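Text of start.cif (mmCIF, C-alpha atoms and all ligand atoms) as supplied:
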```
data_protein
loop_
_atom_site.group_PDB
_atom_site.id
_atom_site.type_symbol
_atom_site.label_atom_id
_atom_site.label_comp_id
_atom_site.auth_asym_id
_atom_site.auth_seq_id
_atom_site.Cartn_x
_atom_site.Cartn_y
_atom_site.Cartn_z
ATOM 1 C CA MET A 8 80.692 34.578 118.056
ATOM 2 C CA GLY A 9 80.021 35.584 114.439
ATOM 3 C CA ASP A 10 76.676 35.055 112.691
ATOM 4 C CA TYR A 11 77.979 32.147 110.611
ATOM 5 C CA ASP A 12 79.373 30.357 113.659
ATOM 6 C CA ARG A 13 76.150 30.944 115.570
ATOM 7 C CA ARG A 14 74.056 29.407 112.783
ATOM 8 C CA GLU A 15 76.383 26.434 112.473
ATOM 9 C CA LYS A 16 76.415 25.885 116.200
ATOM 10 C CA LEU A 17 72.624 25.983 116.430
ATOM 11 C CA LYS A 18 72.321 23.571 113.520
ATOM 12 C CA GLU A 19 74.827 21.256 115.130
ATOM 13 C CA PHE A 20 72.862 21.395 118.380
ATOM 14 C CA TYR A 21 69.608 20.610 116.564
ATOM 15 C CA LEU A 22 71.157 17.534 114.945
ATOM 16 C CA LYS A 23 72.491 16.429 118.304
ATOM 17 C CA ILE A 24 69.136 16.517 120.144
ATOM 18 C CA LYS A 25 66.467 15.953 117.472
ATOM 19 C CA ASN A 26 66.070 12.272 118.323
ATOM 20 C CA CYS A 27 66.005 12.848 122.078
ATOM 21 C CA LYS A 28 64.398 10.099 124.134
ATOM 22 C CA GLU A 29 65.226 11.482 127.558
ATOM 23 C CA CYS A 30 61.611 11.584 128.730
ATOM 24 C CA GLU A 31 58.384 9.716 128.032
ATOM 25 C CA LEU A 32 57.102 12.427 125.663
ATOM 26 C CA SER A 33 59.407 11.014 123.004
ATOM 27 C CA GLY A 34 57.089 8.015 122.782
ATOM 28 C CA SER A 35 53.949 10.003 122.005
ATOM 29 C CA ARG A 36 55.300 12.841 119.866
ATOM 30 C CA THR A 37 54.819 12.974 116.106
ATOM 31 C CA LYS A 38 57.612 15.475 115.566
ATOM 32 C CA PHE A 39 60.285 17.010 117.728
ATOM 33 C CA VAL A 40 59.889 20.818 117.757
ATOM 34 C CA PHE A 41 63.274 22.487 118.127
ATOM 35 C CA GLY A 42 62.164 26.062 117.440
ATOM 36 C CA SER A 43 62.557 28.346 114.456
ATOM 37 C CA GLY A 44 63.840 31.726 113.425
ATOM 38 C CA SER A 45 67.131 33.537 113.305
ATOM 39 C CA ALA A 46 70.149 32.091 115.109
ATOM 40 C CA CYS A 47 71.323 35.696 115.464
ATOM 41 C CA ALA A 48 68.046 37.111 116.791
ATOM 42 C CA GLN A 49 68.077 39.995 119.242
ATOM 43 C CA VAL A 50 64.702 38.852 120.548
ATOM 44 C CA MET A 51 63.674 35.358 121.531
ATOM 45 C CA PHE A 52 60.139 34.210 122.411
ATOM 46 C CA VAL A 53 59.740 31.193 124.660
ATOM 47 C CA GLY A 54 56.426 29.396 125.001
ATOM 48 C CA GLU A 55 55.354 26.308 126.871
ATOM 49 C CA ALA A 56 55.271 23.195 124.680
ATOM 50 C CA PRO A 57 54.158 22.109 121.215
ATOM 51 C CA GLY A 58 50.425 21.695 120.700
ATOM 52 C CA LYS A 59 48.634 19.470 118.209
ATOM 53 C CA ASN A 60 49.507 21.462 115.082
ATOM 54 C CA GLU A 61 53.083 22.072 116.192
ATOM 55 C CA ASP A 62 53.523 18.350 116.851
ATOM 56 C CA LEU A 63 52.249 17.518 113.362
ATOM 57 C CA GLN A 64 54.351 20.124 111.570
ATOM 58 C CA GLY A 65 57.496 20.148 113.710
ATOM 59 C CA LEU A 66 57.306 23.936 114.005
ATOM 60 C CA PRO A 67 56.544 26.173 116.991
ATOM 61 C CA PHE A 68 53.470 28.390 117.148
ATOM 62 C CA VAL A 69 51.438 27.328 114.152
ATOM 63 C CA GLY A 70 47.638 27.288 114.175
ATOM 64 C CA ARG A 71 45.546 30.066 115.686
ATOM 65 C CA ALA A 72 47.977 31.059 118.428
ATOM 66 C CA GLY A 73 50.769 31.173 115.859
ATOM 67 C CA LYS A 74 48.689 33.345 113.580
ATOM 68 C CA LEU A 75 48.083 35.759 116.436
ATOM 69 C CA LEU A 76 51.790 35.790 117.279
ATOM 70 C CA ASP A 77 52.594 36.574 113.629
ATOM 71 C CA GLU A 78 50.094 39.432 113.681
ATOM 72 C CA LEU A 79 51.539 40.839 116.905
ATOM 73 C CA LEU A 80 55.074 40.573 115.547
ATOM 74 C CA GLY A 81 53.896 42.377 112.422
ATOM 75 C CA SER A 82 52.407 45.151 114.560
ATOM 76 C CA ILE A 83 55.922 46.025 115.740
ATOM 77 C CA GLY A 84 57.550 45.588 112.358
ATOM 78 C CA PHE A 85 58.891 42.071 112.850
ATOM 79 C CA ASP A 86 58.667 38.918 110.860
ATOM 80 C CA ARG A 87 59.221 35.444 112.323
ATOM 81 C CA SER A 88 62.545 35.264 110.572
ATOM 82 C CA ASP A 89 63.743 38.260 112.633
ATOM 83 C CA VAL A 90 63.274 36.524 115.984
ATOM 84 C CA PHE A 91 63.726 33.043 117.407
ATOM 85 C CA ILE A 92 60.725 31.146 118.756
ATOM 86 C CA ALA A 93 61.110 28.122 121.024
ATOM 87 C CA ASN A 94 59.352 26.292 123.828
ATOM 88 C CA VAL A 95 60.328 24.966 127.237
ATOM 89 C CA LEU A 96 59.475 21.427 126.055
ATOM 90 C CA LYS A 97 60.407 20.202 122.599
ATOM 91 C CA CYS A 98 57.756 17.470 122.472
ATOM 92 C CA ARG A 99 53.988 17.665 122.881
ATOM 93 C CA PRO A 100 52.406 16.597 126.163
ATOM 94 C CA PRO A 101 49.492 14.297 125.204
ATOM 95 C CA GLY A 102 46.132 16.046 125.027
ATOM 96 C CA ASN A 103 47.860 19.413 125.454
ATOM 97 C CA ARG A 104 48.117 18.877 129.195
ATOM 98 C CA ASP A 105 50.452 21.102 131.205
ATOM 99 C CA PRO A 106 54.131 20.164 131.162
ATOM 100 C CA GLY A 107 55.142 18.062 134.153
ATOM 101 C CA ILE A 108 57.881 19.266 136.474
ATOM 102 C CA GLU A 109 60.045 16.229 135.683
ATOM 103 C CA GLU A 110 59.617 16.848 131.961
ATOM 104 C CA ILE A 111 60.628 20.486 132.390
ATOM 105 C CA ASN A 112 63.663 19.553 134.453
ATOM 106 C CA THR A 113 64.699 16.969 131.877
ATOM 107 C CA CYS A 114 64.226 19.242 128.874
ATOM 108 C CA LYS A 115 65.212 22.687 130.175
ATOM 109 C CA GLY A 116 68.897 22.226 129.415
ATOM 110 C CA TYR A 117 68.071 22.308 125.708
ATOM 111 C CA LEU A 118 66.366 25.678 125.985
ATOM 112 C CA LEU A 119 69.217 27.075 128.065
ATOM 113 C CA GLU A 120 71.705 25.904 125.460
ATOM 114 C CA GLN A 121 69.652 27.523 122.684
ATOM 115 C CA ILE A 122 69.706 30.776 124.655
ATOM 116 C CA LYS A 123 73.449 30.457 125.153
ATOM 117 C CA ILE A 124 74.058 29.965 121.421
ATOM 118 C CA ILE A 125 71.626 32.618 120.138
ATOM 119 C CA ASP A 126 72.505 35.054 122.931
ATOM 120 C CA PRO A 127 69.453 37.307 122.482
ATOM 121 C CA ARG A 128 69.350 40.723 124.132
ATOM 122 C CA ILE A 129 65.673 40.300 125.023
ATOM 123 C CA ILE A 130 63.694 37.191 125.957
ATOM 124 C CA CYS A 131 59.905 37.344 126.035
ATOM 125 C CA THR A 132 58.463 34.518 128.053
ATOM 126 C CA LEU A 133 54.976 33.551 126.910
ATOM 127 C CA GLY A 134 52.851 32.377 129.829
ATOM 128 C CA LYS A 135 53.697 30.938 133.191
ATOM 129 C CA PHE A 136 55.894 27.921 132.439
ATOM 130 C CA SER A 137 58.671 29.711 130.579
ATOM 131 C CA THR A 138 58.362 32.702 132.918
ATOM 132 C CA ASN A 139 58.699 30.592 136.040
ATOM 133 C CA LEU A 140 61.639 28.695 134.573
ATOM 134 C CA LEU A 141 63.662 31.621 133.263
ATOM 135 C CA LEU A 142 62.987 33.938 136.177
ATOM 136 C CA ASN A 143 63.305 31.150 138.713
ATOM 137 C CA THR A 144 60.073 32.168 140.381
ATOM 138 C CA ASP A 145 56.706 30.706 141.227
ATOM 139 C CA LYS A 146 54.836 34.012 140.911
ATOM 140 C CA GLY A 147 51.872 34.098 138.555
ATOM 141 C CA ILE A 148 52.016 35.494 135.053
ATOM 142 C CA ASN A 149 49.412 38.143 135.870
ATOM 143 C CA THR A 150 51.740 39.596 138.497
ATOM 144 C CA LEU A 151 54.797 39.534 136.258
ATOM 145 C CA ARG A 152 53.535 40.294 132.746
ATOM 146 C CA GLY A 153 54.626 43.535 131.178
ATOM 147 C CA LYS A 154 57.529 44.003 133.585
ATOM 148 C CA VAL A 155 61.141 43.874 132.486
ATOM 149 C CA PHE A 156 63.669 41.907 134.495
ATOM 150 C CA LYS A 157 67.376 42.332 134.046
ATOM 151 C CA VAL A 158 69.299 39.078 134.183
ATOM 152 C CA ASP A 159 72.989 39.702 133.685
ATOM 153 C CA SER A 160 73.092 41.655 130.409
ATOM 154 C CA ARG A 161 69.742 40.357 129.182
ATOM 155 C CA SER A 162 66.188 41.718 129.553
ATOM 156 C CA ILE A 163 63.461 39.194 130.274
ATOM 157 C CA MET A 164 59.873 40.309 129.793
ATOM 158 C CA PRO A 165 56.967 37.979 130.595
ATOM 159 C CA ILE A 166 53.796 38.386 128.564
ATOM 160 C CA ASN A 167 50.569 36.435 128.265
ATOM 161 C CA HIS A 168 50.629 33.369 126.056
ATOM 162 C CA PRO A 169 48.788 34.092 122.782
ATOM 163 C CA ALA A 170 46.782 30.870 123.174
ATOM 164 C CA ALA A 171 45.505 32.082 126.557
ATOM 165 C CA VAL A 172 44.420 35.372 124.994
ATOM 166 C CA LEU A 173 42.431 33.498 122.353
ATOM 167 C CA TYR A 174 40.346 32.119 125.200
ATOM 168 C CA ALA A 175 40.162 35.479 127.004
ATOM 169 C CA PRO A 176 39.825 38.164 124.309
ATOM 170 C CA SER A 177 39.540 40.854 126.988
ATOM 171 C CA ARG A 178 43.313 40.455 127.454
ATOM 172 C CA MET A 179 44.059 41.199 123.814
ATOM 173 C CA GLU A 180 44.612 44.908 124.347
ATOM 174 C CA ILE A 181 47.047 44.178 127.163
ATOM 175 C CA LEU A 182 48.991 41.824 124.903
ATOM 176 C CA ARG A 183 49.089 44.441 122.148
ATOM 177 C CA GLN A 184 50.397 47.011 124.622
ATOM 178 C CA ASP A 185 53.044 44.564 125.825
ATOM 179 C CA PHE A 186 54.228 44.132 122.247
ATOM 180 C CA GLN A 187 54.598 47.887 121.960
ATOM 181 C CA LYS A 188 56.751 47.737 125.044
ATOM 182 C CA ILE A 189 58.874 45.008 123.426
ATOM 183 C CA LYS A 190 59.347 47.365 120.493
ATOM 184 C CA ARG A 191 60.539 50.130 122.822
ATOM 185 C CA LEU A 192 62.984 47.716 124.432
ATOM 186 C CA VAL A 193 64.305 46.655 121.039
ATOM 187 C CA ASP A 194 64.727 50.251 119.911
ATOM 188 C CA SER A 195 66.498 51.303 123.053
ATOM 189 C CA ASP A 196 70.201 51.308 123.599
ATOM 190 C CA SER A 197 71.311 48.006 125.090
ATOM 191 C CA GLU A 198 72.732 49.689 128.174
ATOM 192 C CA THR A 199 69.849 52.073 128.818
ATOM 193 C CA PRO A 200 66.563 50.454 127.821
ATOM 194 C CA ALA A 201 63.594 52.729 127.078
ATOM 195 C CA CYS A 202 61.643 50.858 129.714
ATOM 196 C CA LYS A 203 64.290 51.435 132.333
ATOM 197 C CA GLU A 204 61.715 52.525 134.889
ATOM 198 C CA ASP A 205 60.259 49.026 134.750
ATOM 199 C CA ILE A 206 63.452 47.108 135.155
ATOM 200 C CA LEU A 207 63.275 45.176 138.346
ATOM 201 C CA ASP A 208 65.789 43.537 140.539
ATOM 202 C CA LEU A 209 65.364 39.794 140.257
ATOM 203 C CA LYS A 210 66.500 39.209 143.813
ATOM 204 C CA SER A 211 63.605 41.182 145.253
ATOM 205 C CA GLU A 212 61.026 40.091 142.712
ATOM 206 C CA THR A 213 61.468 36.365 142.639
ATOM 207 C CA THR A 214 61.169 33.754 145.271
ATOM 208 C CA GLY A 215 64.161 31.608 145.823
ATOM 209 C CA ASP A 216 64.067 27.856 145.779
ATOM 210 C CA LYS A 217 66.794 25.324 146.285
ATOM 211 C CA GLN A 218 68.261 26.078 142.884
ATOM 212 C CA SER A 219 70.042 29.389 143.038
ATOM 213 C CA LYS A 220 69.664 32.000 140.315
ATOM 214 C CA GLY A 221 73.348 31.851 139.608
ATOM 215 C CA GLU A 222 73.192 28.114 139.159
ATOM 216 C CA GLN A 223 70.171 28.146 136.894
ATOM 217 C CA LEU A 224 71.320 31.028 134.768
ATOM 218 C CA GLY A 225 74.920 29.952 134.650
ATOM 219 C CA LEU A 226 74.409 28.751 131.102
ATOM 220 C CA PHE A 227 73.315 32.169 129.824
HETATM 221 S S1 LIG B 301 60.370 16.740 125.850
HETATM 222 FE FE1 LIG B 301 62.550 17.273 125.799
HETATM 223 S S2 LIG B 301 63.550 15.752 127.168
HETATM 224 FE FE2 LIG B 301 61.508 14.957 126.594
HETATM 225 S S3 LIG B 301 61.898 13.644 124.821
HETATM 226 FE FE3 LIG B 301 61.302 15.695 124.072
HETATM 227 S S4 LIG B 301 63.253 16.766 123.750
HETATM 228 FE FE4 LIG B 301 63.700 14.988 125.047
#
```
Now, as a test, write the supplied structure out as structure tokens.
Ligand code: SF4
Amino acid sequence: MGDYDRREKLKEFYLKIKNCKECELSGSRTKFVFGSGSACAQVMFVGEAPGKNEDLQGLPFVGRAGKLLDELLGSIGFDRSDVFIANVLKCRPPGNRDPGIEEINTCKGYLLEQIKIIDPRIICTLGKFSTNLLLNTDKGINTLRGKVFKVDSRSIMPINHPAAVLYAPSRMEILRQDFQKIKRLVDSDSETPACKEDILDLKSETTGDKQSKGEQLGLF
């Protein structure tokens, strides 16, 4: 798909789902948060759900966590407009509570469709919810962060959520190092990533549940 078609398709998809009322979060949201960035991005970042500021502005990763993400992107020579940033949920859970499993199951199709349209080479999952969803695992983020998983032709790399690092500054250096690793992945040839030694076989690294990997990732 060409860049123009990709942009048009993403725009069309946004218009199709922006008034979604498929779960109860539609009743409490201020704004639907589709995501932002380049429809032709090589790298996509996927967080958890909109917070208070995101809900007010209709944009992902604004506020302090967004500022940190911008700084980390800048540290590897990226601007927001170079990547695409989205969340597992498009509407804010009240009080910033964790996303519910039913909400994730209802909303995840939108994220998978965004991934299908944008077709990024690398997906960085920020925190446990997007990591567990896209790697089809229940392992903790501390076990998985910084590792690169190959899913079909795509690399998926879990990292800590910037908001979590704001509350645990001791993890900042780890997050900075993980961004350097993202940079190495981006710079590497698509067939032979620079972090090849870290690339892990999903089958041996993730725990299976009733939904098979092939089924979940069929949309990719
Ligand atoms: S969270 Fe997702 S499924 Fe629920 S109303 Fe928002 S867009 Fe629709």
Exercise for the section: List every protein, DNA or RNA residue that has at least one atom no more than 6 Å from (62.1, 36.0, 130.8) in the file's coordinates, counting all atoms listed in the file, and write the result as number ranges by chain. Expected result: A: 130-132, 138, 141-142, 163-165
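Among the candidate residues A:Ile166, A:Val40, A:Ala46, A:Ala171, the one lying nearest to Ile124 of chain A is A:Ala46, with distances computed using all atoms listed in the file.
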Box for ligand LIG 301 (chain B) - axis-aligned, 5 Å on each of the six sides, all listed atoms - centre and size in Å to one decimal, as JSON.
```
{"center_x": 62.0, "center_y": 15.5, "center_z": 125.5, "size_x": 13.3, "size_y": 13.6, "size_z": 13.4}
```
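Each residue with an atom within 8 Å of any atom of ligand LIG 301 (chain B) appears in the list, which was built counting only C-alpha atoms and all ligand atoms: A:Ile24, A:Lys25, A:Asn26, A:Cys27, A:Lys28, A:Glu29, A:Cys30, A:Glu31, A:Leu32, A:Ser33, A:Gly34, A:Arg36, A:Phe39, A:Val40, A:Leu96, A:Lys97, A:Cys98, A:Arg99, A:Pro100, A:Glu110, A:Ile111, A:Thr113, A:Cys114, A:Lys115, A:Tyr117.
Using all atoms listed in the file, the shortest contact distance between Phe85 of chain A and any of A:Gly102, A:Gly65, A:Gly44, A:Gly107 is found at A:Gly44.
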Determine, counting only C-alpha atoms, which protein, DNA and RNA residues have an atom within 12 Å of an atom of segment 185-189 of chain A; residues of the same chain fewer than 5 positions away are not included. Present the result as a compact mmCIF listing (two decimals) with C-alpha atoms, keeping the file's coordinate frame.
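File result34.txt, as written:
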```
# COMPACT_ATOMS: atom_id res chain seq x y z
CA GLN A 49 68.08 39.99 119.24
CA VAL A 50 64.70 38.85 120.55
CA MET A 51 63.67 35.36 121.53
CA PHE A 52 60.14 34.21 122.41
CA LEU A 75 48.08 35.76 116.44
CA LEU A 76 51.79 35.79 117.28
CA ASP A 77 52.59 36.57 113.63
CA GLU A 78 50.09 39.43 113.68
CA LEU A 79 51.54 40.84 116.90
CA LEU A 80 55.07 40.57 115.55
CA GLY A 81 53.90 42.38 112.42
CA SER A 82 52.41 45.15 114.56
CA ILE A 83 55.92 46.02 115.74
CA GLY A 84 57.55 45.59 112.36
CA PHE A 85 58.89 42.07 112.85
CA ARG A 128 69.35 40.72 124.13
CA ILE A 129 65.67 40.30 125.02
CA ILE A 130 63.69 37.19 125.96
CA CYS A 131 59.90 37.34 126.04
CA THR A 132 58.46 34.52 128.05
CA LEU A 133 54.98 33.55 126.91
CA LEU A 151 54.80 39.53 136.26
CA ARG A 152 53.54 40.29 132.75
CA GLY A 153 54.63 43.54 131.18
CA LYS A 154 57.53 44.00 133.58
CA VAL A 155 61.14 43.87 132.49
CA SER A 162 66.19 41.72 129.55
CA ILE A 163 63.46 39.19 130.27
CA MET A 164 59.87 40.31 129.79
CA PRO A 165 56.97 37.98 130.60
CA ILE A 166 53.80 38.39 128.56
CA ASN A 167 50.57 36.44 128.26
CA HIS A 168 50.63 33.37 126.06
CA PRO A 169 48.79 34.09 122.78
CA ARG A 178 43.31 40.46 127.45
CA MET A 179 44.06 41.20 123.81
CA GLU A 180 44.61 44.91 124.35
CA ASP A 194 64.73 50.25 119.91
CA SER A 195 66.50 51.30 123.05
CA PRO A 200 66.56 50.45 127.82
CA ALA A 201 63.59 52.73 127.08
CA CYS A 202 61.64 50.86 129.71
CA LYS A 203 64.29 51.44 132.33
CA ASP A 205 60.26 49.03 134.75
```
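Nearest residue to Ile92 of chain A, choosing from A:Leu182, A:Ala170, A:Gly54, A:Arg104 and counting all atoms listed in the file: A:Gly54.
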Exercise for the section: Dump as a list of chain:residue names all residues having an atom at most 10 Å from (62.2, 28.2, 134.2), computed in the file's coordinates with only C-alpha atoms. Expected result: A:Val95, A:Ile111, A:Asn112, A:Lys115, A:Leu118, A:Leu119, A:Thr132, A:Lys135, A:Phe136, A:Ser137, A:Thr138, A:Asn139, A:Leu140, A:Leu141, A:Leu142, A:Asn143, A:Thr144, A:Asp145, A:Gln223, A:Leu224
Practice task
I would like the residues chosen by the PyMOL selection byres (((chain A and resi 66) around 10) and not hetatm) on the shown file; could you give them as a PyMOL selection string?
Solution key: chain A and resi 38-43+57-58+60-65+67-69+73+92-93+97
Practice task
Write out as a PyMOL selection string each polymer residue whose atoms come within 9 Å of Asp10 of chain A, counting only C-alpha atoms; drop sequence neighbours fewer than 3 positions from it.
Solution key: chain A and resi 13-15+46-47
Practice task
Tell me, in Å to one decimal, how far atom CA of Ile108 of chain A is from atom CA of Val53 of chain A.
Solution key: 16.9 Å
